[in-house]
>>> print(open('target.txt').read())   # compact mmCIF, C-alpha atoms
# COMPACT_ATOMS: atom_id res chain seq x y z
CA MET Y 1 6.54 -3.08 21.46
CA THR Y 2 6.51 0.10 23.52
CA GLU Y 3 9.43 -1.69 25.16
CA THR Y 4 12.21 0.48 26.46
CA HIS Y 5 14.95 -1.73 25.08
CA VAL Y 6 14.55 -0.66 21.45
CA ASP Y 7 17.88 0.87 20.46
CA TYR Y 8 17.35 3.76 18.03
CA SER Y 9 21.06 4.71 17.86
CA LEU Y 10 21.66 3.93 14.20
CA TYR Y 11 18.49 3.52 12.17
CA VAL Y 12 19.15 2.65 8.52
CA LEU Y 13 16.55 3.16 5.78
CA THR Y 14 16.73 1.33 2.47
CA ASP Y 15 16.71 3.15 -0.84
CA ALA Y 16 16.87 1.13 -4.05
CA GLN Y 17 17.87 4.16 -6.14
CA LEU Y 18 20.72 5.23 -3.86
CA SER Y 19 22.27 1.80 -3.25
CA ARG Y 20 24.49 1.94 -6.33
CA GLY Y 21 23.35 -1.36 -7.74
CA ARG Y 22 23.77 -3.30 -4.52
CA SER Y 23 20.83 -5.33 -3.25
CA HIS Y 24 18.98 -4.34 -0.09
CA ARG Y 25 20.26 -7.56 1.42
CA GLN Y 26 23.91 -6.69 0.71
CA VAL Y 27 23.52 -3.18 2.05
CA ILE Y 28 21.60 -4.09 5.19
CA GLU Y 29 23.84 -7.04 6.01
CA ALA Y 30 26.89 -4.77 5.87
CA ALA Y 31 25.11 -2.02 7.81
CA ILE Y 32 24.20 -4.44 10.61
CA ARG Y 33 27.78 -5.75 10.72
CA GLY Y 34 28.86 -2.14 11.12
CA GLY Y 35 26.46 -1.53 13.99
CA ALA Y 36 23.03 -0.55 12.66
CA THR Y 37 20.51 -1.03 15.46
CA MET Y 38 17.29 -0.67 13.47
CA VAL Y 39 16.24 -1.06 9.84
CA GLN Y 40 13.43 0.46 7.81
CA TYR Y 41 12.29 -0.80 4.43
CA ARG Y 42 11.22 2.17 2.33
CA GLU Y 43 9.97 1.60 -1.21
CA LYS Y 44 7.42 3.72 -3.02
CA ASN Y 45 7.40 2.41 -6.58
CA ALA Y 46 7.53 -1.39 -6.67
CA SER Y 47 4.51 -3.68 -6.94
CA THR Y 48 3.05 -4.89 -3.67
CA ARG Y 49 4.23 -8.42 -4.50
CA LYS Y 50 7.82 -7.24 -4.92
CA MET Y 51 7.64 -5.17 -1.73
CA ILE Y 52 6.48 -8.21 0.21
CA ASP Y 53 9.25 -10.38 -1.24
CA GLU Y 54 11.92 -7.81 -0.42
CA ALA Y 55 10.53 -7.04 3.02
CA LEU Y 56 10.35 -10.73 3.85
CA GLU Y 57 14.02 -11.18 3.02
CA LEU Y 58 15.05 -8.18 5.11
CA ARG Y 59 12.81 -9.18 7.99
CA ASP Y 60 14.50 -12.58 8.15
CA LEU Y 61 17.91 -10.95 8.02
CA CYS Y 62 17.07 -8.45 10.76
CA ARG Y 63 15.42 -11.08 12.91
CA ALA Y 64 18.53 -13.27 12.70
CA HIS Y 65 20.53 -10.35 14.08
CA GLY Y 66 17.99 -9.20 16.66
CA VAL Y 67 17.52 -5.87 14.89
CA PRO Y 68 13.97 -4.41 14.76
CA PHE Y 69 12.59 -4.28 11.23
CA ILE Y 70 10.16 -1.49 10.32
CA VAL Y 71 8.20 -0.94 7.09
CA ASN Y 72 7.69 2.58 5.79
CA ASP Y 73 4.15 3.70 4.92
CA ARG Y 74 2.73 0.33 3.87
CA VAL Y 75 0.81 -1.19 6.74
CA ASP Y 76 -0.31 -4.00 4.42
CA VAL Y 77 3.29 -4.99 3.71
CA ALA Y 78 4.18 -4.73 7.41
CA LEU Y 79 1.29 -7.02 8.32
CA ALA Y 80 2.05 -9.42 5.48
CA VAL Y 81 5.64 -10.00 6.61
CA ASP Y 82 4.97 -9.63 10.34
CA ALA Y 83 7.40 -6.72 10.62
CA ASP Y 84 8.27 -5.33 14.02
CA GLY Y 85 6.53 -2.11 13.16
CA VAL Y 86 5.57 0.55 10.70
CA HIS Y 87 6.64 4.14 10.12
CA VAL Y 88 4.11 6.61 8.76
CA GLY Y 89 4.68 10.08 7.40
CA GLN Y 90 2.18 12.91 7.24
CA ASP Y 91 1.01 11.76 3.76
CA ASP Y 92 0.63 8.16 4.84
CA MET Y 93 -2.05 6.44 6.87
CA PRO Y 94 -3.09 8.50 9.90
CA ALA Y 95 -1.07 7.27 12.88
CA SER Y 96 -4.10 6.40 15.02
CA LEU Y 97 -5.44 4.16 12.25
CA ALA Y 98 -2.03 2.56 11.73
CA ARG Y 99 -1.86 1.80 15.45
CA LYS Y 100 -5.30 0.22 15.29
CA LEU Y 101 -4.29 -2.02 12.40
CA ILE Y 102 -0.87 -3.14 13.66
CA GLY Y 103 -1.94 -3.55 17.26
CA ARG Y 104 -0.26 -2.56 20.49
CA GLY Y 105 2.58 -5.08 20.26
CA LYS Y 106 4.28 -3.42 17.30
CA ILE Y 107 6.48 -0.34 16.96
CA LEU Y 108 4.79 2.73 15.48
CA GLY Y 109 6.99 5.55 14.21
CA VAL Y 110 5.58 8.85 12.99
CA SER Y 111 7.31 11.64 11.06
CA ALA Y 112 7.06 15.14 12.50
CA GLU Y 113 8.56 18.35 11.24
CA ASN Y 114 7.20 20.56 13.99
CA VAL Y 115 5.94 20.59 17.56
CA GLU Y 116 2.27 20.25 16.59
CA GLN Y 117 2.91 17.11 14.53
CA ALA Y 118 5.06 15.63 17.29
CA ARG Y 119 2.32 16.23 19.88
CA ALA Y 120 -0.28 14.69 17.58
CA ALA Y 121 1.96 11.67 16.95
CA ILE Y 122 2.30 11.07 20.68
CA ALA Y 123 -1.46 11.44 21.18
CA ASP Y 124 -2.05 9.00 18.32
CA GLY Y 125 0.03 6.30 20.00
CA ALA Y 126 3.45 6.63 18.37
CA ASP Y 127 6.37 4.79 19.99
CA TYR Y 128 8.89 7.19 18.50
CA VAL Y 129 8.94 10.38 16.47
CA GLY Y 130 11.07 10.76 13.34
CA ALA Y 131 11.95 14.45 13.51
CA GLY Y 132 13.04 16.21 10.35
CA ALA Y 133 14.08 16.75 7.73
CA ILE Y 134 16.83 18.32 9.82
CA PHE Y 135 19.29 19.13 7.08
CA ALA Y 136 18.88 19.53 3.33
CA THR Y 137 18.72 16.14 1.62
CA ALA Y 138 18.47 14.85 -1.92
CA THR Y 139 16.73 11.67 -0.75
CA LYS Y 140 13.24 13.09 -0.56
CA ALA Y 141 12.35 15.26 -3.53
CA ASP Y 142 9.18 16.45 -1.80
CA ALA Y 143 10.87 17.46 1.44
CA ASN Y 144 9.97 20.81 2.99
CA LYS Y 145 12.44 23.37 4.27
CA PRO Y 146 14.93 21.73 6.68
CA ILE Y 147 14.06 22.27 10.34
CA GLU Y 148 17.73 22.51 11.34
CA ILE Y 149 18.97 21.83 14.86
CA ALA Y 150 16.79 24.68 16.13
CA GLY Y 151 13.63 22.88 14.97
CA LEU Y 152 14.89 19.62 16.42
CA LEU Y 153 15.41 21.26 19.81
CA GLN Y 154 11.81 22.53 19.80
CA ILE Y 155 10.45 19.05 19.06
CA ALA Y 156 12.75 17.52 21.68
CA ARG Y 157 11.22 19.80 24.30
CA VAL Y 158 7.72 18.29 23.83
CA CYS Y 159 8.79 14.72 23.06
CA THR Y 160 7.84 12.36 25.86
CA ILE Y 161 8.77 9.40 23.63
CA PRO Y 162 12.07 8.67 21.85
CA MET Y 163 12.90 11.05 19.04
CA VAL Y 164 15.00 10.02 16.06
CA GLY Y 165 16.54 12.67 13.84
CA ILE Y 166 16.30 12.29 10.06
CA GLY Y 167 17.31 14.20 6.96
CA GLY Y 168 20.81 14.82 5.65
CA ILE Y 169 22.53 13.27 8.65
CA ASN Y 170 26.12 12.12 8.18
CA SER Y 171 29.32 11.78 10.15
CA SER Y 172 29.84 15.55 10.21
CA ASN Y 173 26.56 16.42 11.93
CA ALA Y 174 25.34 13.25 13.68
CA ALA Y 175 26.77 14.28 17.05
CA SER Y 176 24.83 17.56 16.99
CA VAL Y 177 21.60 15.60 16.44
CA ILE Y 178 22.26 13.44 19.50
CA ARG Y 179 23.22 16.48 21.55
CA ALA Y 180 19.88 18.06 20.58
CA GLY Y 181 18.10 15.20 22.32
CA ALA Y 182 17.69 12.51 19.66
CA ALA Y 183 17.79 8.87 20.75
CA GLY Y 184 19.37 8.06 17.43
CA VAL Y 185 19.97 9.05 13.84
CA ALA Y 186 17.98 7.78 10.89
CA VAL Y 187 20.10 7.72 7.76
CA VAL Y 188 19.76 6.79 4.12
CA SER Y 189 22.48 7.95 1.75
CA ALA Y 190 25.23 8.23 4.41
CA ILE Y 191 24.98 4.45 4.68
CA VAL Y 192 23.40 2.95 1.55
CA SER Y 193 25.46 5.08 -0.85
CA ALA Y 194 28.76 4.65 0.99
CA ASP Y 195 31.70 3.04 -0.80
CA ASP Y 196 32.10 0.77 2.21
CA VAL Y 197 28.72 0.39 3.91
CA GLU Y 198 30.00 -1.54 6.92
CA ARG Y 199 32.72 0.98 7.60
CA ALA Y 200 30.32 3.93 7.19
CA ALA Y 201 27.91 2.31 9.65
CA ARG Y 202 30.68 1.61 12.13
CA GLU Y 203 31.92 5.19 11.97
CA LEU Y 204 28.44 6.68 12.38
CA ARG Y 205 27.58 4.30 15.21
CA LYS Y 206 30.74 5.28 17.02
CA ILE Y 207 29.93 8.97 16.66
CA VAL Y 208 26.44 8.37 18.09
CA ASP Y 209 27.73 6.25 20.95
CA THR Y 210 30.42 8.81 21.83
CA ALA Y 211 27.94 11.69 21.68
CA LYS Y 212 25.58 9.79 23.99
CA GLU Y 213 28.40 9.07 26.47
CA ASN Y 214 29.26 12.75 26.57
CA LEU Y 215 25.72 14.02 27.13
CA MET U 216 -18.97 -12.01 2.71
CA THR U 217 -18.92 -15.26 0.75
CA GLU U 218 -22.61 -14.46 0.61
CA THR U 219 -24.49 -15.55 -2.47
CA HIS U 220 -26.40 -12.30 -2.80
CA VAL U 221 -23.45 -10.29 -4.11
CA ASP U 222 -24.50 -9.04 -7.53
CA TYR U 223 -21.53 -8.91 -9.90
CA SER U 224 -23.59 -7.82 -12.93
CA LEU U 225 -22.03 -4.40 -13.45
CA TYR U 226 -18.78 -3.87 -11.60
CA VAL U 227 -17.32 -0.39 -12.09
CA LEU U 228 -13.65 0.40 -11.43
CA THR U 229 -12.44 3.94 -10.82
CA ASP U 230 -9.68 5.51 -12.88
CA ALA U 231 -8.60 9.05 -12.07
CA GLN U 232 -6.82 9.47 -15.42
CA LEU U 233 -9.76 8.29 -17.54
CA SER U 234 -12.52 10.20 -15.76
CA ARG U 235 -12.11 13.34 -17.86
CA GLY U 236 -11.73 15.69 -14.92
CA ARG U 237 -14.76 14.41 -13.04
CA SER U 238 -14.30 13.35 -9.43
CA HIS U 239 -14.61 9.72 -8.41
CA ARG U 240 -17.67 10.74 -6.45
CA GLN U 241 -19.38 12.26 -9.49
CA VAL U 242 -18.58 9.25 -11.66
CA ILE U 243 -19.56 6.60 -9.15
CA GLU U 244 -22.75 8.38 -8.11
CA ALA U 245 -23.86 8.50 -11.73
CA ALA U 246 -22.78 4.89 -12.34
CA ILE U 247 -24.82 3.68 -9.37
CA ARG U 248 -27.84 5.68 -10.54
CA GLY U 249 -27.44 3.91 -13.87
CA GLY U 250 -27.33 0.48 -12.27
CA ALA U 251 -23.76 -0.36 -11.19
CA THR U 252 -23.95 -3.23 -8.71
CA MET U 253 -20.39 -3.16 -7.41
CA VAL U 254 -17.58 -0.60 -7.20
CA GLN U 255 -13.81 -0.95 -7.05
CA TYR U 256 -11.44 1.83 -6.08
CA ARG U 257 -8.26 1.47 -8.09
CA GLU U 258 -5.43 3.97 -7.60
CA LYS U 259 -1.75 3.24 -8.02
CA ASN U 260 -0.04 6.60 -7.72
CA ALA U 261 -1.56 8.71 -4.94
CA SER U 262 -0.24 8.94 -1.39
CA THR U 263 -1.72 6.51 1.10
CA ARG U 264 -3.40 9.42 2.88
CA LYS U 265 -5.12 10.54 -0.31
CA MET U 266 -6.16 6.98 -1.13
CA ILE U 267 -7.75 6.62 2.29
CA ASP U 268 -9.59 9.93 1.94
CA GLU U 269 -10.92 9.01 -1.51
CA ALA U 270 -11.80 5.46 -0.53
CA LEU U 271 -13.62 6.66 2.56
CA GLU U 272 -15.80 8.96 0.48
CA LEU U 273 -16.62 6.22 -2.02
CA ARG U 274 -17.25 3.68 0.72
CA ASP U 275 -19.84 5.98 2.30
CA LEU U 276 -21.46 6.57 -1.07
CA CYS U 277 -21.60 2.85 -1.90
CA ARG U 278 -22.83 1.93 1.55
CA ALA U 279 -25.66 4.45 1.27
CA HIS U 280 -26.75 2.66 -1.91
CA GLY U 281 -26.16 -0.89 -0.70
CA VAL U 282 -23.45 -1.44 -3.30
CA PRO U 283 -20.37 -3.49 -2.26
CA PHE U 284 -17.20 -1.41 -2.22
CA ILE U 285 -13.89 -3.11 -3.03
CA VAL U 286 -10.34 -1.71 -2.89
CA ASN U 287 -7.82 -2.75 -5.53
CA ASP U 288 -4.43 -4.06 -4.38
CA ARG U 289 -4.12 -2.05 -1.15
CA VAL U 290 -5.17 -4.21 1.77
CA ASP U 291 -4.07 -1.42 4.13
CA VAL U 292 -6.47 1.04 2.52
CA ALA U 293 -9.26 -1.57 2.52
CA LEU U 294 -8.74 -2.20 6.23
CA ALA U 295 -8.44 1.51 7.01
CA VAL U 296 -11.83 2.35 5.47
CA ASP U 297 -13.52 -0.93 6.36
CA ALA U 298 -14.22 -1.71 2.71
CA ASP U 299 -16.38 -4.69 1.81
CA GLY U 300 -13.40 -6.37 0.25
CA VAL U 301 -10.18 -6.26 -1.68
CA HIS U 302 -9.17 -7.26 -5.19
CA VAL U 303 -5.62 -8.49 -5.78
CA GLY U 304 -3.81 -9.04 -9.04
CA GLN U 305 -0.91 -11.36 -9.69
CA ASP U 306 1.58 -8.58 -8.80
CA ASP U 307 -0.22 -7.68 -5.61
CA MET U 308 -0.32 -9.37 -2.24
CA PRO U 309 -0.68 -13.16 -2.56
CA ALA U 310 -4.38 -13.99 -2.25
CA SER U 311 -3.96 -16.35 0.70
CA LEU U 312 -2.21 -13.60 2.66
CA ALA U 313 -4.84 -11.06 1.68
CA ARG U 314 -7.55 -13.41 2.91
CA LYS U 315 -5.71 -13.82 6.18
CA LEU U 316 -5.49 -10.05 6.68
CA ILE U 317 -9.04 -9.09 5.69
CA GLY U 318 -10.69 -12.04 7.40
CA ARG U 319 -13.44 -14.35 6.26
CA GLY U 320 -16.23 -11.78 6.38
CA LYS U 321 -14.92 -9.73 3.47
CA ILE U 322 -15.02 -10.22 -0.30
CA LEU U 323 -11.75 -11.33 -1.90
CA GLY U 324 -11.36 -10.97 -5.65
CA VAL U 325 -8.36 -12.31 -7.54
CA SER U 326 -7.28 -11.62 -11.11
CA ALA U 327 -6.62 -14.62 -13.35
CA GLU U 328 -5.64 -14.76 -16.97
CA ASN U 329 -5.54 -18.51 -17.25
CA VAL U 330 -6.86 -21.75 -15.76
CA GLU U 331 -3.88 -22.24 -13.43
CA GLN U 332 -4.26 -18.80 -11.87
CA ALA U 333 -8.01 -19.30 -11.50
CA ARG U 334 -7.52 -22.64 -9.75
CA ALA U 335 -4.91 -21.10 -7.43
CA ALA U 336 -7.24 -18.20 -6.64
CA ILE U 337 -10.01 -20.58 -5.64
CA ALA U 338 -7.61 -22.62 -3.51
CA ASP U 339 -6.39 -19.40 -1.87
CA GLY U 340 -9.88 -18.47 -0.75
CA ALA U 341 -11.10 -16.07 -3.44
CA ASP U 342 -14.82 -15.22 -3.52
CA TYR U 343 -14.68 -14.35 -7.20
CA VAL U 344 -12.21 -14.44 -10.06
CA GLY U 345 -11.58 -11.43 -12.29
CA ALA U 346 -10.88 -13.14 -15.62
CA GLY U 347 -8.99 -11.22 -18.27
CA ALA U 348 -7.89 -9.10 -19.86
CA ILE U 349 -10.45 -10.44 -22.32
CA PHE U 350 -10.13 -7.83 -25.01
CA ALA U 351 -7.38 -5.34 -25.82
CA THR U 352 -7.55 -2.35 -23.52
CA ALA U 353 -5.72 0.92 -23.12
CA THR U 354 -6.44 1.01 -19.38
CA LYS U 355 -3.61 -1.22 -18.29
CA ALA U 356 -0.35 -0.46 -20.01
CA ASP U 357 1.24 -3.60 -18.60
CA ALA U 358 -1.53 -5.96 -19.72
CA ASN U 359 -0.58 -9.22 -21.38
CA LYS U 360 -2.06 -10.56 -24.61
CA PRO U 361 -5.89 -10.58 -24.41
CA ILE U 362 -7.34 -13.97 -23.52
CA GLU U 363 -10.39 -13.42 -25.76
CA ILE U 364 -13.67 -15.26 -25.28
CA ALA U 365 -11.83 -18.56 -25.84
CA GLY U 366 -9.65 -17.97 -22.77
CA LEU U 367 -12.68 -16.88 -20.77
CA LEU U 368 -14.49 -20.12 -21.62
CA GLN U 369 -11.52 -22.16 -20.39
CA ILE U 370 -11.48 -20.33 -17.07
CA ALA U 371 -15.26 -20.63 -16.78
CA ARG U 372 -14.95 -24.40 -17.04
CA VAL U 373 -12.84 -24.62 -13.82
CA CYS U 374 -14.48 -21.77 -11.93
CA THR U 375 -16.49 -23.03 -8.98
CA ILE U 376 -16.92 -19.45 -7.76
CA PRO U 377 -18.35 -16.42 -9.58
CA MET U 378 -16.25 -15.21 -12.50
CA VAL U 379 -16.25 -11.57 -13.60
CA GLY U 380 -14.92 -10.66 -17.02
CA ILE U 381 -12.58 -7.68 -17.36
CA GLY U 382 -10.61 -5.92 -20.07
CA GLY U 383 -11.96 -3.90 -22.96
CA ILE U 384 -15.60 -4.70 -22.22
CA ASN U 385 -18.21 -2.33 -23.65
CA SER U 386 -21.76 -2.40 -24.96
CA SER U 387 -20.68 -4.22 -28.14
CA ASN U 388 -19.14 -7.25 -26.42
CA ALA U 389 -20.63 -7.42 -22.91
CA ALA U 390 -23.29 -9.96 -23.88
CA SER U 391 -20.65 -12.38 -25.19
CA VAL U 392 -18.84 -12.19 -21.83
CA ILE U 393 -22.02 -13.14 -19.97
CA ARG U 394 -22.76 -15.92 -22.46
CA ALA U 395 -19.25 -17.29 -21.81
CA GLY U 396 -20.22 -17.82 -18.18
CA ALA U 397 -19.36 -14.58 -16.42
CA ALA U 398 -21.51 -13.47 -13.49
CA GLY U 399 -20.87 -9.90 -14.54
CA VAL U 400 -18.67 -7.45 -16.38
CA ALA U 401 -15.98 -5.31 -14.78
CA VAL U 402 -15.53 -2.07 -16.67
CA VAL U 403 -13.42 1.03 -16.52
CA SER U 404 -13.37 3.30 -19.55
CA ALA U 405 -16.78 2.22 -20.91
CA ILE U 406 -18.25 3.87 -17.83
CA VAL U 407 -15.82 6.40 -16.35
CA SER U 408 -14.91 7.92 -19.73
CA ALA U 409 -18.47 8.04 -21.05
CA ASP U 410 -20.02 11.40 -21.99
CA ASP U 411 -23.03 10.43 -19.90
CA VAL U 412 -21.91 8.03 -17.18
CA GLU U 413 -25.39 7.23 -15.88
CA ARG U 414 -26.69 6.47 -19.33
CA ALA U 415 -23.66 4.32 -20.20
CA ALA U 416 -24.15 2.35 -16.98
CA ARG U 417 -27.85 1.90 -17.64
CA GLU U 418 -27.21 0.65 -21.17
CA LEU U 419 -24.51 -1.79 -20.08
CA ARG U 420 -26.57 -3.05 -17.16
CA LYS U 421 -29.49 -3.71 -19.49
CA ILE U 422 -27.26 -5.67 -21.86
CA VAL U 423 -25.99 -7.80 -18.96
CA ASP U 424 -29.49 -8.37 -17.57
CA THR U 425 -30.85 -9.32 -20.97
CA ALA U 426 -27.94 -11.67 -21.68
CA LYS U 427 -28.51 -13.37 -18.32
CA GLU U 428 -32.24 -13.78 -18.99
CA ASN U 429 -31.47 -15.42 -22.30
CA LEU U 430 -28.89 -17.89 -21.00
>>> encode(input="target.txt", output="structure tokens")
Amino acid sequence: MTETHVDYSLYVLTDAQLSRGRSHRQVIEAAIRGGATMVQYREKNASTRKMIDEALELRDLCRAHGVPFIVNDRVDVALAVDADGVHVGQDDMPASLARKLIGRGKILGVSAENVEQARAAIADGADYVGAGAIFATATKADANKPIEIAGLLQIARVCTIPMVGIGGINSSNAASVIRAGAAGVAVVSAIVSADDVERAARELRKIVDTAKENL
Amino acid sequence: MTETHVDYSLYVLTDAQLSRGRSHRQVIEAAIRGGATMVQYREKNASTRKMIDEALELRDLCRAHGVPFIVNDRVDVALAVDADGVHVGQDDMPASLARKLIGRGKILGVSAENVEQARAAIADGADYVGAGAIFATATKADANKPIEIAGLLQIARVCTIPMVGIGGINSSNAASVIRAGAAGVAVVSAIVSADDVERAARELRKIVDTAKENL
């Protein structure tokens, strides 16, 4: 799925802790109604059985709406539910191995916080780079120092594949991420913690679309 | 690897918390010297990258000694390091799915605490059943009520594939597990927490061998 028609504009990641008691299904359904173009299931603490059950439900939901469904870190879960792809961070499976296991027909995303990691991701067969964390975020306790827009611009310069910005992105800064060269914004709390998820997605999607039109 | 020459006699599981500061490599090397016939890498909390690094080291060690190397739960890690197989519990990936992902040439172990689970494991393509927890154990905080030798005997009656006993097995009760029909004993603390790992393995292996001779 190195296909050019993947739309990275609004990439929503799940987070069970930040969803304020709402199920992944509720959150993702509303996010897709609002305009999410891509979904990533991210879960670090559940049993593998529970991850597979949850991922299967979200995969069906995404498939029904024609939205690519990606699994974070867990290649086994991605394979088990026949996800559209997998996203690996620097502490996850090496990207080249992940590519080998999921095959060429699936989407491979790789996190990069600097130019070296972005170059390596491309060499390892990534379809897109998740660049960040751009801004300070409470979502990832282990996050390094934010790379800011300056760091994003550096990565954009070497990125020969789509780059998605991630980390503390919300309606106040999403346009700057697109202007720095990102194909889309990957968001967690700005969507899953919103009072009105659909409305938050719609607003963010509009900001991304407008920023792209004005490039 | 539904091969009949797999020797389940002394099956040692890793446990980073119970190894008293010794590395997996140190513990498993000593266990193999003492007579371990099979090794399982079990790690629930590390990053995927760390799991792959550790599993790779143990796989090389086991391969050098001709000892089958199995990965607990994580089919992705098993595939990444080309382990000899995977062991899944009831909260892990469904056994039939695990079989599909690892292929027919690998060993598939499935945990069962009762006759129904053992029958399902066999139907799902397991090569062996891990029956237990037999005795009370501090290793698994989430363990259910021990099945005791009585429960093991029930499972043995329906087991058309090798059955390995697990849960609180040590030198004082290992022979009873073999006499109940187990092809071997799976142990954690009795080996990895021992003052002298090699010696503990040698003693346990001898008990298993003797019990088998006297069947």
>>> closest_residue(input="target.txt", among="U:Asp410, U:Asp222, U:Asp291, U:Asp424", to="Ala389 of chain U", atoms="only C-alpha atoms")
U:Asp424
>>> residues_around(input="target.txt", residues="segment 162-169 of chain Y", least_positions_apart="6", cutoff="9 Å", atoms="all atoms listed in the file", output="ChimeraX atom specification")
/Y:8-9,11,127-140,146,152,155-156,177-178,181-190
>>> interface_residues(input="target.txt", of="chain U", to="chain Y", cutoff="7 Å", atoms="all atoms listed in the file", output="ChimeraX atom specification")
/U:262-264,290-291,295,306-308,312
>>> write_last_selection(input="target.txt", atoms="C-alpha atoms", output="short mmCIF file (atom, residue, chain, number, x, y, z; two decimals), in the coordinates of the input")
data_model
loop_
_atom_site.label_atom_id
_atom_site.label_comp_id
_atom_site.auth_asym_id
_atom_site.auth_seq_id
_atom_site.Cartn_x
_atom_site.Cartn_y
_atom_site.Cartn_z
CA SER U 262 -0.24 8.94 -1.39
CA THR U 263 -1.72 6.51 1.10
CA ARG U 264 -3.40 9.42 2.88
CA VAL U 290 -5.17 -4.21 1.77
CA ASP U 291 -4.07 -1.42 4.13
CA ALA U 295 -8.44 1.51 7.01
CA ASP U 306 1.58 -8.58 -8.80
CA ASP U 307 -0.22 -7.68 -5.61
CA MET U 308 -0.32 -9.37 -2.24
CA LEU U 312 -2.21 -13.60 2.66
#
>>> closest_residue(input="target.txt", among="U:Cys374, U:Ala416, U:Val407, U:Ile364", to="Ser391 of chain U", atoms="only C-alpha atoms")
U:Ile364
>>> closest_residue(input="target.txt", among="U:Ile322, U:Glu328, U:Ala298, U:Ser408", to="Gln232 of chain U", atoms="only C-alpha atoms")
U:Ser408
>>> residues_around(input="target.txt", residues="Ala409 of chain U", least_positions_apart="4", cutoff="12 Å", atoms="only C-alpha atoms", output="number ranges by chain")
U: 233-237, 242, 245-246, 385-386, 402-405, 413-419
>>> build_atoms(input="target.txt", residues="segment 203-214 of chain Y", atoms="N, CA and C atoms", output="PDB file, in the frame of the given file")
ATOM      1  N   GLU Y 203      31.481   3.834  11.635  1.00  0.00           N
ATOM      2  CA  GLU Y 203      31.920   5.190  11.970  1.00  0.00           C
ATOM      3  C   GLU Y 203      30.765   6.002  12.575  1.00  0.00           C
ATOM      4  N   LEU Y 204      29.601   5.909  11.919  1.00  0.00           N
ATOM      5  CA  LEU Y 204      28.440   6.680  12.380  1.00  0.00           C
ATOM      6  C   LEU Y 204      27.981   6.180  13.754  1.00  0.00           C
ATOM      7  N   ARG Y 205      27.989   4.886  13.923  1.00  0.00           N
ATOM      8  CA  ARG Y 205      27.580   4.300  15.210  1.00  0.00           C
ATOM      9  C   ARG Y 205      28.495   4.775  16.335  1.00  0.00           C
ATOM     10  N   LYS Y 206      29.777   4.853  16.009  1.00  0.00           N
ATOM     11  CA  LYS Y 206      30.740   5.280  17.020  1.00  0.00           C
ATOM     12  C   LYS Y 206      30.508   6.747  17.400  1.00  0.00           C
ATOM     13  N   ILE Y 207      30.208   7.555  16.397  1.00  0.00           N
ATOM     14  CA  ILE Y 207      29.930   8.970  16.660  1.00  0.00           C
ATOM     15  C   ILE Y 207      28.706   9.120  17.561  1.00  0.00           C
ATOM     16  N   VAL Y 208      27.668   8.324  17.279  1.00  0.00           N
ATOM     17  CA  VAL Y 208      26.440   8.370  18.090  1.00  0.00           C
ATOM     18  C   VAL Y 208      26.732   7.910  19.505  1.00  0.00           C
ATOM     19  N   ASP Y 209      27.423   6.787  19.623  1.00  0.00           N
ATOM     20  CA  ASP Y 209      27.730   6.250  20.950  1.00  0.00           C
ATOM     21  C   ASP Y 209      28.558   7.248  21.777  1.00  0.00           C
ATOM     22  N   THR Y 210      29.557   7.845  21.133  1.00  0.00           N
ATOM     23  CA  THR Y 210      30.420   8.810  21.830  1.00  0.00           C
ATOM     24  C   THR Y 210      29.615  10.041  22.247  1.00  0.00           C
ATOM     25  N   ALA Y 211      28.759  10.524  21.350  1.00  0.00           N
ATOM     26  CA  ALA Y 211      27.940  11.690  21.680  1.00  0.00           C
ATOM     27  C   ALA Y 211      27.018  11.399  22.856  1.00  0.00           C
ATOM     28  N   LYS Y 212      26.471  10.165  22.884  1.00  0.00           N
ATOM     29  CA  LYS Y 212      25.580   9.790  23.990  1.00  0.00           C
ATOM     30  C   LYS Y 212      26.350   9.726  25.320  1.00  0.00           C
ATOM     31  N   GLU Y 213      27.578   9.167  25.253  1.00  0.00           N
ATOM     32  CA  GLU Y 213      28.400   9.070  26.470  1.00  0.00           C
ATOM     33  C   GLU Y 213      28.727  10.443  27.040  1.00  0.00           C
ATOM     34  N   ASN Y 214      28.861  11.407  26.162  1.00  0.00           N
ATOM     35  CA  ASN Y 214      29.260  12.750  26.570  1.00  0.00           C
ATOM     36  C   ASN Y 214      28.101  13.684  26.862  1.00  0.00           C
TER      37      ASN Y 214
END
